[in-house]
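Structure data follow from query15.cif (mmCIF, C-alpha atoms):
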```cif
data_protein
loop_
_atom_site.group_PDB
_atom_site.id
_atom_site.type_symbol
_atom_site.label_atom_id
_atom_site.label_comp_id
_atom_site.auth_asym_id
_atom_site.auth_seq_id
_atom_site.Cartn_x
_atom_site.Cartn_y
_atom_site.Cartn_z
ATOM 1 C CA MET A 1 17.581 -17.469 -0.059
ATOM 2 C CA LEU A 2 17.555 -15.932 -3.545
ATOM 3 C CA THR A 3 15.178 -13.193 -4.595
ATOM 4 C CA ILE A 4 14.759 -11.186 -7.795
ATOM 5 C CA GLY A 5 14.816 -7.409 -7.821
ATOM 6 C CA ILE A 6 13.150 -5.456 -10.630
ATOM 7 C CA ASP A 7 13.810 -1.775 -11.343
ATOM 8 C CA ILE A 8 11.145 -0.331 -13.655
ATOM 9 C CA GLY A 9 12.290 2.868 -15.349
ATOM 10 C CA GLY A 10 10.835 5.002 -18.100
ATOM 11 C CA THR A 11 12.962 3.309 -20.784
ATOM 12 C CA LYS A 12 14.080 -0.063 -19.389
ATOM 13 C CA VAL A 13 13.176 -2.830 -16.986
ATOM 14 C CA ALA A 14 16.324 -4.038 -15.197
ATOM 15 C CA ALA A 15 16.228 -7.254 -13.183
ATOM 16 C CA GLY A 16 18.675 -9.276 -11.154
ATOM 17 C CA VAL A 17 18.942 -12.343 -8.941
ATOM 18 C CA VAL A 18 20.278 -11.141 -5.573
ATOM 19 C CA ASP A 19 21.614 -13.180 -2.661
ATOM 20 C CA GLU A 20 21.498 -12.363 1.052
ATOM 21 C CA GLU A 21 24.758 -10.384 0.846
ATOM 22 C CA GLY A 22 23.357 -8.037 -1.794
ATOM 23 C CA THR A 23 25.410 -9.641 -4.581
ATOM 24 C CA ILE A 24 23.843 -9.758 -8.046
ATOM 25 C CA LEU A 25 24.251 -13.281 -9.424
ATOM 26 C CA ALA A 26 22.546 -12.815 -12.782
ATOM 27 C CA GLN A 27 20.884 -9.961 -14.663
ATOM 28 C CA ALA A 28 18.419 -9.342 -17.480
ATOM 29 C CA LEU A 29 17.199 -6.242 -19.276
ATOM 30 C CA ARG A 30 14.116 -5.393 -21.334
ATOM 31 C CA PRO A 31 12.774 -2.190 -22.915
ATOM 32 C CA THR A 32 9.934 -0.667 -20.923
ATOM 33 C CA PRO A 33 6.682 -0.737 -22.930
ATOM 34 C CA ALA A 34 6.073 2.879 -21.915
ATOM 35 C CA ASP A 35 3.369 3.402 -24.536
ATOM 36 C CA ARG A 36 1.517 0.349 -23.182
ATOM 37 C CA PRO A 37 1.759 0.466 -19.375
ATOM 38 C CA ASP A 38 -0.704 -2.404 -19.140
ATOM 39 C CA GLN A 39 2.028 -4.627 -20.638
ATOM 40 C CA VAL A 40 4.668 -3.855 -17.983
ATOM 41 C CA ALA A 41 3.557 -6.770 -15.797
ATOM 42 C CA GLU A 42 4.059 -9.121 -18.762
ATOM 43 C CA THR A 43 7.559 -7.704 -19.301
ATOM 44 C CA VAL A 44 8.396 -8.235 -15.630
ATOM 45 C CA ALA A 45 7.054 -11.788 -15.769
ATOM 46 C CA ASP A 46 9.201 -12.456 -18.835
ATOM 47 C CA VAL A 47 12.454 -11.487 -17.081
ATOM 48 C CA VAL A 48 11.432 -13.396 -13.946
ATOM 49 C CA ARG A 49 10.921 -16.549 -16.004
ATOM 50 C CA GLU A 50 14.335 -16.105 -17.610
ATOM 51 C CA LEU A 51 16.163 -15.544 -14.335
ATOM 52 C CA SER A 52 14.377 -18.273 -12.387
ATOM 53 C CA ALA A 53 14.727 -20.997 -15.028
ATOM 54 C CA ASP A 54 17.569 -22.745 -13.200
ATOM 55 C CA ARG A 55 17.315 -21.185 -9.738
ATOM 56 C CA GLN A 56 15.038 -21.490 -6.715
ATOM 57 C CA ILE A 57 13.566 -18.008 -6.257
ATOM 58 C CA GLU A 58 11.642 -17.188 -3.085
ATOM 59 C CA ALA A 59 10.125 -13.773 -3.854
ATOM 60 C CA ILE A 60 10.111 -10.794 -6.211
ATOM 61 C CA GLY A 61 10.707 -7.145 -5.287
ATOM 62 C CA VAL A 62 9.669 -4.451 -7.752
ATOM 63 C CA GLY A 63 10.890 -0.854 -7.587
ATOM 64 C CA ALA A 64 8.884 1.736 -9.517
ATOM 65 C CA ALA A 65 8.999 5.519 -9.682
ATOM 66 C CA GLY A 66 5.772 6.818 -8.223
ATOM 67 C CA PHE A 67 3.416 6.574 -5.274
ATOM 68 C CA VAL A 68 3.100 3.024 -3.946
ATOM 69 C CA ASP A 69 0.359 2.351 -1.415
ATOM 70 C CA GLU A 70 0.863 1.281 2.194
ATOM 71 C CA THR A 71 0.318 -2.404 1.344
ATOM 72 C CA ARG A 72 3.162 -2.365 -1.218
ATOM 73 C CA SER A 73 0.810 -3.635 -3.888
ATOM 74 C CA VAL A 74 -0.778 -0.765 -5.857
ATOM 75 C CA VAL A 75 1.022 1.979 -7.787
ATOM 76 C CA ARG A 76 -1.304 4.903 -7.230
ATOM 77 C CA PHE A 77 0.515 7.323 -9.527
ATOM 78 C CA ALA A 78 3.566 6.902 -11.770
ATOM 79 C CA PRO A 79 4.415 9.907 -13.946
ATOM 80 C CA ASN A 80 6.648 8.035 -16.418
ATOM 81 C CA LEU A 81 4.217 5.204 -17.184
ATOM 82 C CA ALA A 82 0.812 6.837 -16.851
ATOM 83 C CA TRP A 83 -0.136 4.324 -14.148
ATOM 84 C CA ARG A 84 -3.142 5.304 -12.053
ATOM 85 C CA GLU A 85 -4.242 2.883 -9.292
ATOM 86 C CA GLU A 86 -2.325 0.076 -11.022
ATOM 87 C CA PRO A 87 -2.656 -3.283 -9.129
ATOM 88 C CA LEU A 88 0.884 -4.277 -10.084
ATOM 89 C CA GLN A 89 1.483 -6.794 -7.307
ATOM 90 C CA LYS A 90 -1.668 -8.748 -8.168
ATOM 91 C CA LYS A 91 -0.865 -8.825 -11.881
ATOM 92 C CA ILE A 92 2.722 -10.015 -11.448
ATOM 93 C CA THR A 93 1.819 -12.576 -8.781
ATOM 94 C CA GLU A 94 -0.805 -14.109 -11.064
ATOM 95 C CA LEU A 95 1.744 -14.357 -13.888
ATOM 96 C CA VAL A 96 4.733 -15.779 -11.972
ATOM 97 C CA GLY A 97 3.175 -17.566 -8.986
ATOM 98 C CA LEU A 98 5.609 -16.068 -6.452
ATOM 99 C CA PRO A 99 5.223 -13.569 -3.587
ATOM 100 C CA VAL A 100 5.669 -9.999 -4.853
ATOM 101 C CA ILE A 101 6.153 -6.660 -3.131
ATOM 102 C CA VAL A 102 6.154 -3.288 -4.889
ATOM 103 C CA GLU A 103 8.163 -0.359 -3.552
ATOM 104 C CA ASN A 104 9.003 3.181 -4.590
ATOM 105 C CA ASP A 105 12.315 3.086 -6.478
ATOM 106 C CA ALA A 106 14.034 5.702 -4.294
ATOM 107 C CA ASN A 107 12.963 3.801 -1.168
ATOM 108 C CA ALA A 108 14.479 0.649 -2.662
ATOM 109 C CA MET A 109 17.718 2.483 -3.441
ATOM 110 C CA ALA A 110 17.876 3.897 0.101
ATOM 111 C CA TRP A 111 17.358 0.442 1.597
ATOM 112 C CA ALA A 112 20.154 -1.000 -0.532
ATOM 113 C CA GLU A 113 22.588 1.744 0.466
ATOM 114 C CA SER A 114 21.675 1.284 4.131
ATOM 115 C CA LYS A 115 22.246 -2.481 4.030
ATOM 116 C CA PHE A 116 25.066 -2.927 1.546
ATOM 117 C CA GLY A 117 26.399 0.492 0.541
ATOM 118 C CA ALA A 118 27.425 3.887 1.884
ATOM 119 C CA GLY A 119 25.110 3.720 4.913
ATOM 120 C CA ARG A 120 25.809 0.229 6.198
ATOM 121 C CA ASP A 121 27.303 1.633 9.436
ATOM 122 C CA GLN A 122 24.424 4.093 9.985
ATOM 123 C CA ASP A 123 20.917 3.763 11.447
ATOM 124 C CA HIS A 124 19.557 7.261 10.685
ATOM 125 C CA ILE A 125 19.878 8.041 6.979
ATOM 126 C CA VAL A 126 18.384 10.444 4.472
ATOM 127 C CA CYS A 127 19.050 9.192 0.945
ATOM 128 C CA ILE A 128 18.723 11.741 -1.868
ATOM 129 C CA THR A 129 18.602 10.699 -5.517
ATOM 130 C CA VAL A 130 19.587 13.593 -7.752
ATOM 131 C CA GLY A 131 18.604 12.780 -11.298
ATOM 132 C CA THR A 132 16.069 14.255 -13.700
ATOM 133 C CA GLY A 133 14.215 15.254 -10.532
ATOM 134 C CA ILE A 134 14.896 14.531 -6.859
ATOM 135 C CA GLY A 135 13.763 11.430 -5.017
ATOM 136 C CA GLY A 136 14.420 10.285 -1.496
ATOM 137 C CA GLY A 137 14.331 7.551 1.073
ATOM 138 C CA LEU A 138 14.408 7.658 4.883
ATOM 139 C CA ILE A 139 15.897 5.071 7.229
ATOM 140 C CA PHE A 140 15.212 5.597 10.941
ATOM 141 C CA ASP A 141 16.502 3.187 13.601
ATOM 142 C CA GLY A 142 17.403 0.861 10.739
ATOM 143 C CA VAL A 143 13.819 0.763 9.460
ATOM 144 C CA LEU A 144 12.580 2.114 6.129
ATOM 145 C CA TYR A 145 10.111 4.922 6.819
ATOM 146 C CA ARG A 146 7.265 4.885 4.300
ATOM 147 C CA GLY A 147 4.661 7.178 5.865
ATOM 148 C CA ARG A 148 1.027 6.481 6.733
ATOM 149 C CA TRP A 149 -0.017 5.743 3.124
ATOM 150 C CA GLY A 150 3.344 4.592 1.768
ATOM 151 C CA MET A 151 4.081 7.933 0.093
ATOM 152 C CA GLY A 152 6.682 9.435 2.404
ATOM 153 C CA ALA A 153 10.065 10.901 1.442
ATOM 154 C CA GLU A 154 8.978 12.724 -1.725
ATOM 155 C CA LEU A 155 11.816 15.108 -0.918
ATOM 156 C CA GLY A 156 11.972 16.766 -4.312
ATOM 157 C CA HIS A 157 8.588 18.329 -3.708
ATOM 158 C CA MET A 158 9.394 20.291 -0.594
ATOM 159 C CA GLN A 159 8.582 23.903 -1.404
ATOM 160 C CA VAL A 160 11.821 25.866 -1.050
ATOM 161 C CA VAL A 161 10.750 29.030 -2.926
ATOM 162 C CA PRO A 162 7.207 30.303 -2.312
ATOM 163 C CA GLU A 163 5.566 31.026 -5.678
ATOM 164 C CA GLY A 164 8.773 29.856 -7.372
ATOM 165 C CA LYS A 165 9.347 27.897 -10.567
ATOM 166 C CA LYS A 166 6.519 25.703 -11.846
ATOM 167 C CA CYS A 167 7.093 22.028 -11.086
ATOM 168 C CA GLY A 168 5.849 19.030 -13.044
ATOM 169 C CA CYS A 169 3.839 18.002 -9.985
ATOM 170 C CA GLY A 170 1.698 21.131 -10.414
ATOM 171 C CA ASN A 171 3.059 23.103 -7.465
ATOM 172 C CA LEU A 172 5.466 26.029 -7.443
ATOM 173 C CA GLY A 173 8.988 26.303 -6.029
ATOM 174 C CA CYS A 174 9.719 22.610 -5.413
ATOM 175 C CA TRP A 175 13.271 21.678 -4.421
ATOM 176 C CA GLU A 176 13.829 19.664 -7.593
ATOM 177 C CA GLN A 177 13.307 22.791 -9.673
ATOM 178 C CA TYR A 178 16.571 24.138 -8.215
ATOM 179 C CA ALA A 179 18.767 21.140 -7.321
ATOM 180 C CA SER A 180 18.130 18.427 -9.933
ATOM 181 C CA GLY A 181 19.625 17.408 -13.252
ATOM 182 C CA ASN A 182 16.874 19.264 -15.087
ATOM 183 C CA ALA A 183 17.588 22.382 -13.027
ATOM 184 C CA LEU A 184 21.303 22.109 -13.784
ATOM 185 C CA VAL A 185 20.742 21.915 -17.539
ATOM 186 C CA ALA A 186 18.114 24.678 -17.517
ATOM 187 C CA HIS A 187 20.507 27.002 -15.670
ATOM 188 C CA ALA A 188 23.323 26.330 -18.126
ATOM 189 C CA ARG A 189 21.007 26.876 -21.093
ATOM 190 C CA GLU A 190 19.813 30.200 -19.696
ATOM 191 C CA ILE A 191 23.356 31.497 -19.360
ATOM 192 C CA ALA A 192 24.337 30.195 -22.807
ATOM 193 C CA THR A 193 21.380 32.055 -24.318
ATOM 194 C CA ALA A 194 21.776 35.309 -22.395
ATOM 195 C CA GLU A 195 25.588 35.439 -22.178
ATOM 196 C CA PRO A 196 27.066 33.144 -24.863
ATOM 197 C CA ASP A 197 30.600 34.421 -24.234
ATOM 198 C CA ARG A 198 30.506 32.718 -20.818
ATOM 199 C CA ALA A 199 29.447 29.400 -22.373
ATOM 200 C CA ARG A 200 31.736 29.021 -25.377
ATOM 201 C CA THR A 201 32.993 25.579 -24.391
ATOM 202 C CA LEU A 202 29.449 24.357 -23.701
ATOM 203 C CA VAL A 203 28.087 25.684 -27.003
ATOM 204 C CA GLY A 204 30.996 24.109 -28.863
ATOM 205 C CA LEU A 205 30.461 20.717 -27.260
ATOM 206 C CA ALA A 206 26.697 20.741 -27.609
ATOM 207 C CA GLY A 207 26.555 21.817 -31.240
ATOM 208 C CA GLY A 208 22.866 22.554 -30.825
ATOM 209 C CA THR A 209 20.854 20.960 -28.017
ATOM 210 C CA ILE A 210 22.423 21.296 -24.558
ATOM 211 C CA GLU A 211 22.032 18.218 -22.356
ATOM 212 C CA GLY A 212 23.493 17.023 -19.062
ATOM 213 C CA GLU A 213 26.518 15.246 -20.508
ATOM 214 C CA GLU A 214 27.654 18.391 -22.325
ATOM 215 C CA VAL A 215 27.147 20.511 -19.207
ATOM 216 C CA THR A 216 29.282 18.121 -17.148
ATOM 217 C CA GLU A 217 32.066 17.869 -19.724
ATOM 218 C CA ALA A 218 32.145 21.636 -20.293
ATOM 219 C CA ALA A 219 32.317 22.234 -16.532
ATOM 220 C CA ARG A 220 35.310 19.904 -16.292
ATOM 221 C CA GLN A 221 36.930 21.959 -19.045
ATOM 222 C CA GLY A 222 36.369 25.158 -17.045
ATOM 223 C CA ASP A 223 33.309 26.559 -18.830
ATOM 224 C CA GLU A 224 32.109 29.496 -16.738
ATOM 225 C CA ALA A 225 28.398 28.981 -17.365
ATOM 226 C CA CYS A 226 28.503 25.296 -16.433
ATOM 227 C CA LEU A 227 30.580 25.874 -13.319
ATOM 228 C CA GLU A 228 28.010 28.454 -12.223
ATOM 229 C CA ALA A 229 25.201 25.985 -12.861
ATOM 230 C CA PHE A 230 26.907 23.308 -10.739
ATOM 231 C CA ALA A 231 27.605 25.871 -7.999
ATOM 232 C CA SER A 232 23.915 26.797 -7.919
ATOM 233 C CA LEU A 233 22.886 23.140 -7.731
ATOM 234 C CA ALA A 234 25.328 22.610 -4.847
ATOM 235 C CA GLU A 235 24.035 25.602 -2.893
ATOM 236 C CA TRP A 236 20.418 24.502 -3.283
ATOM 237 C CA LEU A 237 21.270 20.915 -2.410
ATOM 238 C CA GLY A 238 22.933 22.079 0.796
ATOM 239 C CA GLN A 239 19.954 24.290 1.627
ATOM 240 C CA GLY A 240 17.573 21.366 1.292
ATOM 241 C CA MET A 241 19.746 19.097 3.412
ATOM 242 C CA ALA A 242 19.894 21.745 6.135
ATOM 243 C CA ASP A 243 16.096 22.006 6.126
ATOM 244 C CA LEU A 244 15.765 18.223 6.312
ATOM 245 C CA ALA A 245 18.303 18.019 9.149
ATOM 246 C CA ALA A 246 16.319 20.572 11.137
ATOM 247 C CA ILE A 247 13.325 18.236 10.995
ATOM 248 C CA LEU A 248 14.808 14.733 10.872
ATOM 249 C CA ASP A 249 18.265 15.020 12.500
ATOM 250 C CA PRO A 250 19.883 12.189 10.497
ATOM 251 C CA GLY A 251 23.385 10.907 11.097
ATOM 252 C CA CYS A 252 24.099 10.683 7.398
ATOM 253 C CA PHE A 253 22.969 11.990 4.022
ATOM 254 C CA ILE A 254 23.666 9.733 1.038
ATOM 255 C CA VAL A 255 23.609 11.398 -2.369
ATOM 256 C CA GLY A 256 23.002 9.186 -5.397
ATOM 257 C CA GLY A 257 21.224 9.337 -8.739
ATOM 258 C CA GLY A 258 22.549 10.095 -12.191
ATOM 259 C CA VAL A 259 23.923 13.537 -11.363
ATOM 260 C CA SER A 260 26.042 12.028 -8.590
ATOM 261 C CA ARG A 261 28.375 10.703 -11.301
ATOM 262 C CA ALA A 262 29.599 14.314 -11.462
ATOM 263 C CA SER A 263 30.020 14.528 -7.669
ATOM 264 C CA ASP A 264 33.515 15.993 -8.059
ATOM 265 C CA LEU A 265 31.864 19.120 -9.440
ATOM 266 C CA PHE A 266 29.372 19.782 -6.644
ATOM 267 C CA LEU A 267 29.422 17.487 -3.590
ATOM 268 C CA ASP A 268 32.088 19.301 -1.539
ATOM 269 C CA ARG A 269 30.335 22.608 -2.085
ATOM 270 C CA ALA A 270 26.966 21.060 -1.212
ATOM 271 C CA ARG A 271 28.470 19.773 2.035
ATOM 272 C CA GLU A 272 29.796 23.266 2.846
ATOM 273 C CA SER A 273 26.420 24.815 1.977
ATOM 274 C CA PHE A 274 24.659 22.355 4.296
ATOM 275 C CA GLN A 275 27.004 23.126 7.187
ATOM 276 C CA ARG A 276 26.660 26.898 6.658
ATOM 277 C CA ARG A 277 22.882 26.758 6.715
ATOM 278 C CA LEU A 278 22.278 24.195 9.458
ATOM 279 C CA THR A 279 20.276 25.616 12.325
ATOM 280 C CA GLY A 280 22.142 25.487 15.643
ATOM 281 C CA ARG A 281 25.499 24.952 13.923
ATOM 282 C CA GLY A 282 28.340 25.016 16.399
ATOM 283 C CA HIS A 283 26.148 23.386 19.042
ATOM 284 C CA ARG A 284 25.317 20.120 17.296
ATOM 285 C CA PRO A 285 27.154 17.511 15.213
ATOM 286 C CA PHE A 286 27.058 17.771 11.441
ATOM 287 C CA ALA A 287 25.541 14.834 9.634
ATOM 288 C CA GLU A 288 27.958 13.225 7.232
ATOM 289 C CA VAL A 289 27.328 13.765 3.511
ATOM 290 C CA ARG A 290 28.384 10.680 1.568
ATOM 291 C CA LEU A 291 28.313 9.576 -2.054
ATOM 292 C CA ALA A 292 26.173 6.517 -2.813
ATOM 293 C CA GLU A 293 28.192 3.383 -3.572
ATOM 294 C CA LEU A 294 25.921 0.981 -5.436
ATOM 295 C CA GLY A 295 25.276 2.996 -8.589
ATOM 296 C CA ALA A 296 22.551 2.054 -11.043
ATOM 297 C CA SER A 297 22.066 -1.373 -9.423
ATOM 298 C CA ALA A 298 20.911 0.010 -6.076
ATOM 299 C CA GLY A 299 17.207 -0.028 -6.943
ATOM 300 C CA LEU A 300 17.022 -3.667 -7.925
ATOM 301 C CA VAL A 301 19.276 -4.766 -5.040
ATOM 302 C CA GLY A 302 17.090 -2.898 -2.558
ATOM 303 C CA ALA A 303 13.853 -4.212 -4.046
ATOM 304 C CA ALA A 304 15.177 -7.775 -3.903
ATOM 305 C CA ASP A 305 16.211 -7.440 -0.271
ATOM 306 C CA LEU A 306 12.917 -5.850 0.735
ATOM 307 C CA ALA A 307 11.149 -8.841 -0.827
ATOM 308 C CA ARG A 308 13.351 -11.076 1.334
ATOM 309 C CA GLN A 309 12.477 -9.013 4.440
ATOM 310 C CA ARG A 310 8.734 -9.094 3.730
#
```

Please render this file's structure as structure tokens.
Amino acid sequence: MLTIGIDIGGTKVAAGVVDEEGTILAQALRPTPADRPDQVAETVADVVRELSADRQIEAIGVGAAGFVDETRSVVRFAPNLAWREEPLQKKITELVGLPVIVENDANAMAWAESKFGAGRDQDHIVCITVGTGIGGGLIFDGVLYRGRWGMGAELGHMQVVPEGKKCGCGNLGCWEQYASGNALVAHAREIATAEPDRARTLVGLAGGTIEGEEVTEAARQGDEACLEAFASLAEWLGQGMADLAAILDPGCFIVGGGVSRASDLFLDRARESFQRRLTGRGHRPFAEVRLAELGASAGLVGAADLARQR
């Protein structure tokens, strides 16, 4: 049985035909009409038509960043596309004439890693996507946990610092303000501004605006400010995993997302931070901390397989 997975991001709509083994047989890409969110369903329908022209497709799975309701049909809130109560399933189904499910993109990524990636030998998984912010997905007893209203696993919005840094969600002290790609870059910028002598390599590479790529490259070249920023991210990541383990007791954490491409700069330290902070350490097993395996394709692979499992 072939299904199509769609990963809707802020800048692009990525789609792929996926078989039962999680293999992508064909792919297509379109720009996301971010300034016209009402046109996203048309864009999705366009790639579905392209990919299904010479194939028998059984269903469509759509992964989108935001709150997806318990019926996997309505996107209640999507910060990157200004969707509010968007009936995405209904719109796409009417356009393509196939069964459609809609899922949170981090949930789709977690499902893919649990079935075909780093967690395929595990039944109790916490998946953490470290990118611009922090997303998450939970697999318990081999089942994707979505919560009562489909909005579970918004891990980045755990409050880790009471009255801490302002978060884009409107609250203060959320985890993603300390352990995300945005937090990493903000930390490096602060040091470069306050103590430029510690950030000479970074300033030289950036030549003006400091972004994540420059922070990563400067860290690999030994820049003191960037190494400190990665160390801070690692410590906060470990703290959050320890808090999650105290509640959920997973067998495995899987760390993915864009920042995970620089895992050599932070993952070992994050693992050590987690083990240092875990409650009851010495009297319980440590959950493994693994790097995600499926990369940028995980979201569409997971969405496609969830459509197959519907």

* To do: Please evaluate the PyMOL selection byres ((chain A and resi 66-80) around 8) against the structure above and give the resulting residues as a ChimeraX atom specification.
  => /A:9-10,34,64-65,81-90,101-105,146-151

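With all atoms listed in the file as the atoms that count, the residue of A:Ala292, A:Arg310, A:Leu51, A:Phe140 with the shortest distance to Ser263 of chain A is A:Ala292.
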
* Which residues match the PyMOL selection byres ((chain A and resi 199-203) around 9) in the file above, as a PyMOL selection string? -> chain A and resi 188-189+191-193+195-198+204-210+214-215+217-219+221-226

* **Computed interatomic separation between atom CA of Leu306 of chain A and atom CA of Leu291 of chain A (Å)** =>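 Here the two named atoms are 22.0 Å from each other.
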
* Place a sphere of radius 7 Å on (24.2, 24.5, -1.9) in the file coordinates and name every protein, DNA or RNA residue with an atom inside or on its surface, counting only C-alpha atoms; give the answer as a ChimeraX atom specification. => /A:232-239,269-270,273-274

* To do: Kindly indicate which residue among A:Ser114, A:Thr129, A:Gln177, A:Gln309 lies nearest to Ile60 of chain A, using only C-alpha atoms for the distances.
  =>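 Going through A:Ser114, A:Thr129, A:Gln177, A:Gln309 one by one, the smallest distance to Ile60 of chain A is for A:Gln309.
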
* **Shell around Met1 of chain A at 9 Å using only C-alpha atoms, local window under 4 positions removed, as a ChimeraX atom specification** => /A:18-20,56-58,308

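Among the candidate residues A:Gly256, A:Lys166, A:Ala242, A:Ala108, the one lying nearest to Leu278 of chain A is A:Ala242, with distances computed using all atoms listed in the file.
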
* To do: Figure out the distance between atom CA of Trp111 of chain A and atom CA of Val96 of chain A, please, to one decimal in Å.
  => 24.6 Å

* Could you jot down the atom CA of Glu293 of chain A to atom CA of Gly63 of chain A separation for me, Å, one decimal place? =>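 If I compute the distance from atom CA of Glu293 of chain A to atom CA of Gly63 of chain A, I get 18.3 Å.
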
All heavy atoms are needed for segment 4-11 of chain A; please write them out as a CSV table (one decimal), in the coordinates of the input.
```csv
chain,number,residue,atom,x,y,z
A,4,ILE,N,14.5,-12.0,-6.6
A,4,ILE,CA,14.8,-11.2,-7.8
A,4,ILE,C,14.3,-9.8,-7.5
A,4,ILE,O,13.2,-9.5,-7.0
A,4,ILE,CB,14.0,-11.8,-9.0
A,4,ILE,CG1,14.6,-13.1,-9.4
A,4,ILE,CG2,14.0,-10.8,-10.2
A,4,ILE,CD1,13.9,-13.8,-10.5
A,5,GLY,N,15.2,-8.8,-7.9
A,5,GLY,CA,14.8,-7.4,-7.8
A,5,GLY,C,14.6,-6.9,-9.2
A,5,GLY,O,15.3,-7.2,-10.2
A,6,ILE,N,13.5,-6.1,-9.3
A,6,ILE,CA,13.2,-5.5,-10.6
A,6,ILE,C,13.1,-3.9,-10.5
A,6,ILE,O,12.5,-3.4,-9.5
A,6,ILE,CB,11.7,-5.9,-11.1
A,6,ILE,CG1,11.6,-7.4,-10.9
A,6,ILE,CG2,11.5,-5.4,-12.5
A,6,ILE,CD1,12.2,-8.2,-12.0
A,7,ASP,N,13.8,-3.2,-11.4
A,7,ASP,CA,13.8,-1.8,-11.3
A,7,ASP,C,13.1,-1.3,-12.6
A,7,ASP,O,13.7,-1.5,-13.7
A,7,ASP,CB,15.3,-1.3,-11.3
A,7,ASP,CG,15.3,0.3,-11.1
A,7,ASP,OD1,14.3,0.9,-10.9
A,7,ASP,OD2,16.4,0.8,-11.0
A,8,ILE,N,11.9,-0.8,-12.5
A,8,ILE,CA,11.1,-0.3,-13.7
A,8,ILE,C,11.4,1.2,-13.9
A,8,ILE,O,11.0,2.0,-13.1
A,8,ILE,CB,9.6,-0.6,-13.5
A,8,ILE,CG1,9.4,-2.1,-13.2
A,8,ILE,CG2,8.8,-0.1,-14.7
A,8,ILE,CD1,7.9,-2.4,-12.9
A,9,GLY,N,12.0,1.5,-15.0
A,9,GLY,CA,12.3,2.9,-15.3
A,9,GLY,C,11.5,3.3,-16.6
A,9,GLY,O,10.7,2.5,-17.1
A,10,GLY,N,11.6,4.5,-17.0
A,10,GLY,CA,10.8,5.0,-18.1
A,10,GLY,C,11.2,4.4,-19.4
A,10,GLY,O,10.4,4.3,-20.3
A,11,THR,N,12.5,3.9,-19.5
A,11,THR,CA,13.0,3.3,-20.8
A,11,THR,C,13.3,1.8,-20.7
A,11,THR,O,13.3,1.1,-21.7
A,11,THR,CB,14.2,4.1,-21.3
A,11,THR,OG1,15.3,4.0,-20.3
A,11,THR,CG2,13.8,5.5,-21.5
```
